[in-house]
$ cat run.pdb   # PDB, C-alpha atoms
MODEL        1
ATOM      1  CA  MET V  42    -240.655  18.603  34.777  1.00  0.00           C
ATOM      2  CA  MET V  43    -239.213  17.498  38.139  1.00  0.00           C
ATOM      3  CA  ARG V  44    -239.878  13.863  37.222  1.00  0.00           C
ATOM      4  CA  ALA V  45    -237.867  14.283  34.013  1.00  0.00           C
ATOM      5  CA  LEU V  46    -235.086  15.933  36.028  1.00  0.00           C
ATOM      6  CA  ALA V  47    -234.948  12.959  38.402  1.00  0.00           C
ATOM      7  CA  ILE V  48    -234.950  10.422  35.564  1.00  0.00           C
ATOM      8  CA  GLY V  49    -232.269  12.401  33.719  1.00  0.00           C
ATOM      9  CA  GLY V  50    -230.141  12.699  36.851  1.00  0.00           C
ATOM     10  CA  PHE V  51    -230.236   8.975  37.568  1.00  0.00           C
ATOM     11  CA  LEU V  52    -229.481   8.141  33.933  1.00  0.00           C
ATOM     12  CA  VAL V  53    -226.482  10.525  33.972  1.00  0.00           C
ATOM     13  CA  GLY V  54    -225.285   8.925  37.211  1.00  0.00           C
ATOM     14  CA  LEU V  55    -225.534   5.411  35.757  1.00  0.00           C
ATOM     15  CA  ALA V  56    -223.863   6.528  32.525  1.00  0.00           C
ATOM     16  CA  LEU V  57    -221.003   8.038  34.537  1.00  0.00           C
ATOM     17  CA  PHE V  58    -220.497   4.704  36.317  1.00  0.00           C
ATOM     18  CA  GLY V  59    -220.217   3.055  32.900  1.00  0.00           C
ATOM     19  CA  LEU V  60    -217.922   5.766  31.551  1.00  0.00           C
ATOM     20  CA  VAL V  61    -215.478   5.632  34.481  1.00  0.00           C
ATOM     21  CA  GLU V  62    -215.420   1.808  34.310  1.00  0.00           C
ATOM     22  CA  TRP V  63    -214.691   2.007  30.569  1.00  0.00           C
ATOM     23  CA  LEU V  64    -211.885   4.534  31.172  1.00  0.00           C
ATOM     24  CA  ALA V  65    -210.473   2.291  33.916  1.00  0.00           C
ATOM     25  CA  ARG V  66    -210.292  -0.700  31.584  1.00  0.00           C
ATOM     26  CA  ARG V  67    -208.164   1.088  28.987  1.00  0.00           C
ATOM     27  CA  GLU V  68    -204.528   0.024  28.640  1.00  0.00           C
ATOM     28  CA  GLY V  69    -202.284   1.859  31.135  1.00  0.00           C
ATOM     29  CA  SER V  70    -205.200   3.590  32.872  1.00  0.00           C
ATOM     30  CA  LYS V  71    -204.493   5.300  36.197  1.00  0.00           C
ATOM     31  CA  ILE V  72    -208.094   4.697  37.238  1.00  0.00           C
ATOM     32  CA  PRO V  73    -208.826   1.438  39.093  1.00  0.00           C
ATOM     33  CA  THR V  74    -211.806  -0.639  37.935  1.00  0.00           C
ATOM     34  CA  LEU V  75    -214.826  -0.808  40.225  1.00  0.00           C
ATOM     35  CA  GLY V  76    -213.807  -4.367  41.095  1.00  0.00           C
ATOM     36  CA  GLU V  77    -210.316  -3.251  42.118  1.00  0.00           C
ATOM     37  CA  LEU V  78    -211.810  -0.425  44.169  1.00  0.00           C
ATOM     38  CA  CYS V  79    -214.092  -2.900  45.949  1.00  0.00           C
ATOM     39  CA  GLY V  80    -211.145  -5.260  46.472  1.00  0.00           C
ATOM     40  CA  TYR V  81    -209.193  -2.433  48.104  1.00  0.00           C
ATOM     41  CA  VAL V  82    -212.101  -1.487  50.386  1.00  0.00           C
ATOM     42  CA  MET V  83    -212.539  -5.153  51.327  1.00  0.00           C
ATOM     43  CA  ARG V  84    -208.950  -5.306  52.582  1.00  0.00           C
ATOM     44  CA  TYR V  85    -209.858  -2.967  55.450  1.00  0.00           C
ATOM     45  CA  GLU V  86    -209.810  -4.754  58.784  1.00  0.00           C
ATOM     46  CA  VAL V  87    -210.050  -3.586  62.376  1.00  0.00           C
ATOM     47  CA  GLY V  88    -208.046  -6.116  64.359  1.00  0.00           C
ATOM     48  CA  PRO V  89    -209.331  -9.538  63.313  1.00  0.00           C
ATOM     49  CA  VAL V  90    -212.664  -8.137  62.046  1.00  0.00           C
ATOM     50  CA  PRO V  91    -212.924  -7.805  58.230  1.00  0.00           C
ATOM     51  CA  VAL V  92    -214.898  -4.573  58.408  1.00  0.00           C
ATOM     52  CA  GLY V  93    -214.539  -3.805  54.703  1.00  0.00           C
ATOM     53  CA  ARG V  94    -215.832  -7.221  53.619  1.00  0.00           C
ATOM     54  CA  ILE V  95    -218.715  -7.173  56.078  1.00  0.00           C
ATOM     55  CA  GLY V  96    -219.646  -3.632  55.058  1.00  0.00           C
ATOM     56  CA  LEU V  97    -219.703  -4.282  51.311  1.00  0.00           C
ATOM     57  CA  PHE V  98    -221.465  -7.656  51.652  1.00  0.00           C
ATOM     58  CA  GLY V  99    -224.052  -6.101  53.938  1.00  0.00           C
ATOM     59  CA  PHE V 100    -224.613  -3.148  51.618  1.00  0.00           C
ATOM     60  CA  TRP V 101    -225.090  -5.394  48.574  1.00  0.00           C
ATOM     61  CA  TRP V 102    -227.343  -7.759  50.486  1.00  0.00           C
ATOM     62  CA  TRP V 103    -229.532  -4.794  51.499  1.00  0.00           C
ATOM     63  CA  ILE V 104    -229.640  -3.594  47.841  1.00  0.00           C
ATOM     64  CA  GLY V 105    -230.981  -7.001  46.786  1.00  0.00           C
ATOM     65  CA  TRP V 106    -233.574  -7.066  49.545  1.00  0.00           C
ATOM     66  CA  HIS V 107    -234.649  -3.475  48.842  1.00  0.00           C
ATOM     67  CA  PHE V 108    -235.206  -3.942  45.113  1.00  0.00           C
ATOM     68  CA  LEU V 109    -236.109  -7.633  44.803  1.00  0.00           C
ATOM     69  CA  ALA V 110    -237.980  -8.505  47.983  1.00  0.00           C
ATOM     70  CA  ARG V 111    -239.512  -5.482  49.650  1.00  0.00           C
TER      71      ARG V 111
ATOM     72  CA  MET P  87    -194.922 -37.688  54.354  1.00  0.00           C
ATOM     73  CA  MET P  88    -193.403 -34.237  53.908  1.00  0.00           C
ATOM     74  CA  GLU P  89    -195.744 -31.298  53.680  1.00  0.00           C
ATOM     75  CA  GLN P  90    -195.595 -29.362  50.432  1.00  0.00           C
ATOM     76  CA  PRO P  91    -194.150 -25.850  50.901  1.00  0.00           C
ATOM     77  CA  HIS P  92    -196.952 -23.312  50.316  1.00  0.00           C
ATOM     78  CA  ASP P  93    -194.875 -21.322  47.799  1.00  0.00           C
ATOM     79  CA  LEU P  94    -194.708 -24.301  45.482  1.00  0.00           C
ATOM     80  CA  THR P  95    -198.408 -25.079  45.462  1.00  0.00           C
ATOM     81  CA  VAL P  96    -200.618 -23.742  42.697  1.00  0.00           C
ATOM     82  CA  ASP P  97    -204.169 -22.691  43.568  1.00  0.00           C
ATOM     83  CA  THR P  98    -206.485 -23.891  40.843  1.00  0.00           C
ATOM     84  CA  PRO P  99    -210.140 -22.856  40.904  1.00  0.00           C
ATOM     85  CA  ARG P 100    -212.551 -25.508  42.099  1.00  0.00           C
ATOM     86  CA  THR P 101    -214.908 -26.948  39.501  1.00  0.00           C
ATOM     87  CA  TRP P 102    -217.890 -24.934  40.743  1.00  0.00           C
ATOM     88  CA  GLU P 103    -215.868 -21.696  40.573  1.00  0.00           C
ATOM     89  CA  ARG P 104    -215.321 -22.017  36.819  1.00  0.00           C
ATOM     90  CA  PRO P 105    -217.513 -19.833  34.555  1.00  0.00           C
ATOM     91  CA  VAL P 106    -218.822 -22.884  32.701  1.00  0.00           C
ATOM     92  CA  VAL P 107    -220.400 -23.997  35.978  1.00  0.00           C
ATOM     93  CA  CYS P 108    -221.146 -20.813  37.920  1.00  0.00           C
ATOM     94  CA  VAL P 109    -222.697 -18.814  35.025  1.00  0.00           C
ATOM     95  CA  PRO P 110    -225.480 -21.361  34.325  1.00  0.00           C
ATOM     96  CA  VAL P 111    -226.055 -21.681  38.085  1.00  0.00           C
ATOM     97  CA  LEU P 112    -226.415 -17.899  38.441  1.00  0.00           C
ATOM     98  CA  VAL P 113    -228.797 -17.796  35.449  1.00  0.00           C
ATOM     99  CA  ALA P 114    -230.911 -20.621  36.899  1.00  0.00           C
ATOM    100  CA  LEU P 115    -231.040 -18.949  40.329  1.00  0.00           C
ATOM    101  CA  SER P 116    -232.037 -15.658  38.650  1.00  0.00           C
ATOM    102  CA  LEU P 117    -234.856 -17.262  36.688  1.00  0.00           C
ATOM    103  CA  VAL P 118    -236.209 -18.751  39.911  1.00  0.00           C
ATOM    104  CA  GLY P 119    -235.827 -15.423  41.763  1.00  0.00           C
ATOM    105  CA  GLY P 120    -237.655 -13.602  38.975  1.00  0.00           C
ATOM    106  CA  ARG P 121    -240.782 -15.658  39.684  1.00  0.00           C
ATOM    107  CA  PHE P 122    -241.215 -14.201  43.191  1.00  0.00           C
ATOM    108  CA  THR P 123    -243.126 -10.949  43.498  1.00  0.00           C
ATOM    109  CA  SER P 124    -242.198  -8.101  45.824  1.00  0.00           C
ATOM    110  CA  PHE P 125    -243.301  -8.359  49.458  1.00  0.00           C
ATOM    111  CA  SER P 126    -243.856 -12.127  49.103  1.00  0.00           C
ATOM    112  CA  THR P 127    -242.467 -14.467  51.744  1.00  0.00           C
ATOM    113  CA  GLU P 128    -240.758 -16.466  48.983  1.00  0.00           C
ATOM    114  CA  ALA P 129    -238.880 -13.395  47.723  1.00  0.00           C
ATOM    115  CA  ASN P 130    -237.686 -12.500  51.219  1.00  0.00           C
ATOM    116  CA  VAL P 131    -236.588 -16.056  52.006  1.00  0.00           C
ATOM    117  CA  TYR P 132    -234.835 -16.353  48.648  1.00  0.00           C
ATOM    118  CA  VAL P 133    -232.956 -13.044  48.985  1.00  0.00           C
ATOM    119  CA  PHE P 134    -231.903 -13.794  52.557  1.00  0.00           C
ATOM    120  CA  GLY P 135    -230.976 -17.376  51.669  1.00  0.00           C
ATOM    121  CA  ALA P 136    -228.947 -16.557  48.549  1.00  0.00           C
ATOM    122  CA  GLY P 137    -227.290 -13.553  50.203  1.00  0.00           C
ATOM    123  CA  GLY P 138    -226.575 -15.526  53.342  1.00  0.00           C
ATOM    124  CA  VAL P 139    -224.843 -18.327  51.447  1.00  0.00           C
ATOM    125  CA  LEU P 140    -222.782 -15.833  49.419  1.00  0.00           C
ATOM    126  CA  ILE P 141    -221.767 -13.893  52.543  1.00  0.00           C
ATOM    127  CA  TRP P 142    -220.802 -17.139  54.250  1.00  0.00           C
ATOM    128  CA  LEU P 143    -218.670 -18.078  51.226  1.00  0.00           C
ATOM    129  CA  GLY P 144    -217.093 -14.627  51.177  1.00  0.00           C
ATOM    130  CA  LEU P 145    -216.326 -14.370  54.881  1.00  0.00           C
ATOM    131  CA  THR P 146    -214.961 -17.889  55.237  1.00  0.00           C
ATOM    132  CA  LYS P 147    -212.893 -17.346  52.058  1.00  0.00           C
ATOM    133  CA  ARG P 148    -213.848 -20.724  50.624  1.00  0.00           C
ATOM    134  CA  VAL P 149    -213.617 -19.227  47.152  1.00  0.00           C
ATOM    135  CA  GLN P 150    -210.325 -18.437  45.494  1.00  0.00           C
ATOM    136  CA  ALA P 151    -209.945 -14.648  45.726  1.00  0.00           C
ATOM    137  CA  ARG P 152    -208.322 -12.349  43.196  1.00  0.00           C
ATOM    138  CA  PRO P 153    -205.420 -10.288  44.550  1.00  0.00           C
ATOM    139  CA  ALA P 154    -206.550  -6.880  45.779  1.00  0.00           C
ATOM    140  CA  PRO P 155    -204.442  -3.753  45.194  1.00  0.00           C
ATOM    141  CA  GLU P 156    -202.406  -2.623  48.239  1.00  0.00           C
ATOM    142  CA  ARG P 157    -202.907   1.017  47.306  1.00  0.00           C
ATOM    143  CA  LEU P 158    -205.097   2.864  44.865  1.00  0.00           C
ATOM    144  CA  PRO P 159    -203.782   4.918  41.955  1.00  0.00           C
ATOM    145  CA  PRO P 160    -204.625   8.665  42.062  1.00  0.00           C
ATOM    146  CA  GLY P 161    -207.243   8.189  39.353  1.00  0.00           C
ATOM    147  CA  ALA P 162    -209.475   6.483  41.925  1.00  0.00           C
ATOM    148  CA  VAL P 163    -210.852   9.931  42.754  1.00  0.00           C
ATOM    149  CA  TRP P 164    -212.816   9.818  39.469  1.00  0.00           C
ATOM    150  CA  TRP P 165    -215.165   7.293  41.094  1.00  0.00           C
ATOM    151  CA  THR P 166    -216.479  10.050  43.340  1.00  0.00           C
ATOM    152  CA  LEU P 167    -218.108  11.682  40.282  1.00  0.00           C
ATOM    153  CA  PRO P 168    -220.772   9.028  39.530  1.00  0.00           C
ATOM    154  CA  VAL P 169    -221.245   8.368  43.248  1.00  0.00           C
ATOM    155  CA  LEU P 170    -221.854  12.080  43.905  1.00  0.00           C
ATOM    156  CA  VAL P 171    -224.249  12.543  40.967  1.00  0.00           C
ATOM    157  CA  PHE P 172    -226.250   9.452  41.883  1.00  0.00           C
ATOM    158  CA  GLY P 173    -226.119  10.237  45.604  1.00  0.00           C
ATOM    159  CA  ILE P 174    -227.273  13.848  45.143  1.00  0.00           C
ATOM    160  CA  PHE P 175    -230.307  12.802  43.104  1.00  0.00           C
ATOM    161  CA  GLU P 176    -231.157   9.904  45.427  1.00  0.00           C
ATOM    162  CA  GLY P 177    -230.792  12.146  48.475  1.00  0.00           C
ATOM    163  CA  ALA P 178    -232.808  14.998  46.959  1.00  0.00           C
ATOM    164  CA  THR P 179    -235.666  12.777  45.790  1.00  0.00           C
ATOM    165  CA  PHE P 180    -235.732  10.933  49.124  1.00  0.00           C
ATOM    166  CA  ILE P 181    -235.813  14.133  51.220  1.00  0.00           C
ATOM    167  CA  ALA P 182    -238.394  15.781  48.943  1.00  0.00           C
ATOM    168  CA  ALA P 183    -240.639  12.702  49.342  1.00  0.00           C
ATOM    169  CA  ALA P 184    -242.712  13.991  46.424  1.00  0.00           C
ATOM    170  CA  GLY P 185    -243.729  10.556  45.162  1.00  0.00           C
ATOM    171  CA  ASP P 186    -244.109  10.203  41.402  1.00  0.00           C
ATOM    172  CA  ASP P 187    -243.563  13.946  40.829  1.00  0.00           C
ATOM    173  CA  PHE P 188    -239.902  13.699  41.878  1.00  0.00           C
ATOM    174  CA  PRO P 189    -239.337   9.944  42.281  1.00  0.00           C
ATOM    175  CA  THR P 190    -236.493   8.123  43.996  1.00  0.00           C
ATOM    176  CA  PHE P 191    -234.592   5.474  42.042  1.00  0.00           C
ATOM    177  CA  SER P 192    -236.592   2.782  43.840  1.00  0.00           C
ATOM    178  CA  LEU P 193    -239.910   4.294  42.773  1.00  0.00           C
ATOM    179  CA  LEU P 194    -238.713   4.423  39.172  1.00  0.00           C
ATOM    180  CA  ALA P 195    -237.469   0.833  39.288  1.00  0.00           C
ATOM    181  CA  ASP P 196    -240.571  -0.708  40.883  1.00  0.00           C
ATOM    182  CA  PRO P 197    -242.846  -0.751  37.784  1.00  0.00           C
ATOM    183  CA  LEU P 198    -239.993  -2.075  35.632  1.00  0.00           C
ATOM    184  CA  LEU P 199    -239.329  -4.889  38.103  1.00  0.00           C
ATOM    185  CA  GLU P 200    -242.937  -6.092  37.874  1.00  0.00           C
ATOM    186  CA  ASP P 201    -242.068  -7.708  34.544  1.00  0.00           C
ATOM    187  CA  ARG P 202    -240.799 -11.232  35.204  1.00  0.00           C
ATOM    188  CA  LEU P 203    -238.019 -11.089  32.596  1.00  0.00           C
ATOM    189  CA  VAL P 204    -236.725  -7.707  33.824  1.00  0.00           C
ATOM    190  CA  ARG P 205    -236.925  -9.020  37.379  1.00  0.00           C
ATOM    191  CA  SER P 206    -234.866 -12.083  36.435  1.00  0.00           C
ATOM    192  CA  ALA P 207    -232.327  -9.806  34.716  1.00  0.00           C
ATOM    193  CA  ALA P 208    -232.118  -7.687  37.879  1.00  0.00           C
ATOM    194  CA  TRP P 209    -231.595 -10.887  39.888  1.00  0.00           C
ATOM    195  CA  LEU P 210    -228.780 -11.868  37.518  1.00  0.00           C
ATOM    196  CA  VAL P 211    -227.075  -8.480  37.919  1.00  0.00           C
ATOM    197  CA  TRP P 212    -227.406  -8.655  41.712  1.00  0.00           C
ATOM    198  CA  LEU P 213    -226.187 -12.244  42.028  1.00  0.00           C
ATOM    199  CA  SER P 214    -223.331 -11.784  39.522  1.00  0.00           C
ATOM    200  CA  ALA P 215    -222.079  -8.680  41.308  1.00  0.00           C
ATOM    201  CA  PHE P 216    -222.397 -10.499  44.654  1.00  0.00           C
ATOM    202  CA  TRP P 217    -220.411 -13.429  43.265  1.00  0.00           C
ATOM    203  CA  GLY P 218    -217.800 -10.937  42.032  1.00  0.00           C
ATOM    204  CA  LEU P 219    -217.544  -9.450  45.535  1.00  0.00           C
ATOM    205  CA  VAL P 220    -217.192 -12.908  47.085  1.00  0.00           C
ATOM    206  CA  ARG P 221    -214.263 -13.566  44.760  1.00  0.00           C
ATOM    207  CA  ARG P 222    -212.475 -10.368  45.849  1.00  0.00           C
TER     208      ARG P 222
ENDMDL
END
$ encode --input "run.pdb" --output "structure tokens"
Amino acid sequence: MMRALAIGGFLVGLALFGLVEWLARREGSKIPTLGELCGYVMRYEVGPVPVGRIGLFGFWWWIGWHFLAR
Amino acid sequence: MMEQPHDLTVDTPRTWERPVVCVPVLVALSLVGGRFTSFSTEANVYVFGAGGVLIWLGLTKRVQARPAPERLPPGAVWWTLPVLVFGIFEGATFIAAAGDDFPTFSLLADPLLEDRLVRSAAWLVWLSAFWGLVRR
């Protein structure tokens, strides 16, 4: 029962990512695409340090290591 | 010789940035990555190597970047919905630590990723998204 709940929850979460991305890609949408959102986050800098870029690159690198190497 | 004013120059993507080149390269890299099993030295070296090169490309801005929005439209708040749903389930399953009875996303993904084709597909998703981030 709890296993099914977990699987269902993750599937709903993934489906919501797809749904919001689809809504964002419609003509005249007020929702940014995930790529635009990432681009905005990556603009964030503290002084000369591109904190947003480093943070997102590091997060995605860790995701790859976690699922594909560990 | 006079230097060309920057406003008049047109940035064209380099050959290796074009989809006709980078898509087959990403597919080839993914097929190689899919051959390495979890916890193997090869998998670790490959992930750190590929990620390291992509981060180097992204931080040195050697790849032509797409313009990023200066501000987000109000609809950006909708992205919190999938993040919250996914985060709540990941957090709950992680804290419960109930193993296969209430598994984390990683536990659910592990058996799927044992298949070489699925693993290569996962590599392709990871590398493509990474390449997309580098180009931002």
$ closest_residue --input "run.pdb" --among "V:Arg84, V:His107, V:Arg94, V:Arg67" --to "Arg157 (chain P)" --atoms "all atoms listed in the file"
V:Arg84
$ resolve_selection --input "run.pdb" --expression "the PyMOL selection byres ((chain P and resi 147-156) around 8)" --output "JSON, numbers by chain"
{"V": [77, 80, 81, 84], "P": [97, 99, 103, 143, 144, 145, 146, 157, 158, 220, 221, 222]}
$ write_last_selection --input "run.pdb" --atoms "C-alpha atoms" --output "CSV table (one decimal), in the frame of the given file"
chain,number,residue,atom,x,y,z
V,77,GLU,CA,-210.3,-3.3,42.1
V,80,GLY,CA,-211.1,-5.3,46.5
V,81,TYR,CA,-209.2,-2.4,48.1
V,84,ARG,CA,-209.0,-5.3,52.6
P,97,ASP,CA,-204.2,-22.7,43.6
P,99,PRO,CA,-210.1,-22.9,40.9
P,103,GLU,CA,-215.9,-21.7,40.6
P,143,LEU,CA,-218.7,-18.1,51.2
P,144,GLY,CA,-217.1,-14.6,51.2
P,145,LEU,CA,-216.3,-14.4,54.9
P,146,THR,CA,-215.0,-17.9,55.2
P,157,ARG,CA,-202.9,1.0,47.3
P,158,LEU,CA,-205.1,2.9,44.9
P,220,VAL,CA,-217.2,-12.9,47.1
P,221,ARG,CA,-214.3,-13.6,44.8
P,222,ARG,CA,-212.5,-10.4,45.8
$ interface_residues --input "run.pdb" --of "chain V" --to "chain P" --cutoff "6 Å" --atoms "only C-alpha atoms" --output "PyMOL selection string"
chain V and resi 43-44+51+54+57-58+71-73+80-81+102+110-111
$ write_last_selection --input "run.pdb" --atoms "C-alpha atoms" --output "PDB file, keeping the file's coordinate frame"
ATOM      1  CA  MET V  43    -239.213  17.498  38.139  1.00  0.00           C
ATOM      2  CA  ARG V  44    -239.878  13.863  37.222  1.00  0.00           C
ATOM      3  CA  PHE V  51    -230.236   8.975  37.568  1.00  0.00           C
ATOM      4  CA  GLY V  54    -225.285   8.925  37.211  1.00  0.00           C
ATOM      5  CA  LEU V  57    -221.003   8.038  34.537  1.00  0.00           C
ATOM      6  CA  PHE V  58    -220.497   4.704  36.317  1.00  0.00           C
ATOM      7  CA  LYS V  71    -204.493   5.300  36.197  1.00  0.00           C
ATOM      8  CA  ILE V  72    -208.094   4.697  37.238  1.00  0.00           C
ATOM      9  CA  PRO V  73    -208.826   1.438  39.093  1.00  0.00           C
ATOM     10  CA  GLY V  80    -211.145  -5.260  46.472  1.00  0.00           C
ATOM     11  CA  TYR V  81    -209.193  -2.433  48.104  1.00  0.00           C
ATOM     12  CA  TRP V 102    -227.343  -7.759  50.486  1.00  0.00           C
ATOM     13  CA  ALA V 110    -237.980  -8.505  47.983  1.00  0.00           C
ATOM     14  CA  ARG V 111    -239.512  -5.482  49.650  1.00  0.00           C
TER      15      ARG V 111
END
$ atom_distance --input "run.pdb" --atom1 "CA of Phe108 (chain V)" --atom2 "CA of Leu198 (chain P)"
10.8 Å
$ axis_aligned_box --input "run.pdb" --around "region 82-101 of chain V" --padding-each-side "6 Å" --output "lines of an AutoDock Vina configuration file"
center_x = -216.6
center_y = -5.5
center_z = 56.5
size_x = 29.0
size_y = 20.1
size_z = 27.8
$ atom_distance --input "run.pdb" --atom1 "CA of Val61 (chain V)" --atom2 "CA of Met83 (chain V)"
20.2 Å
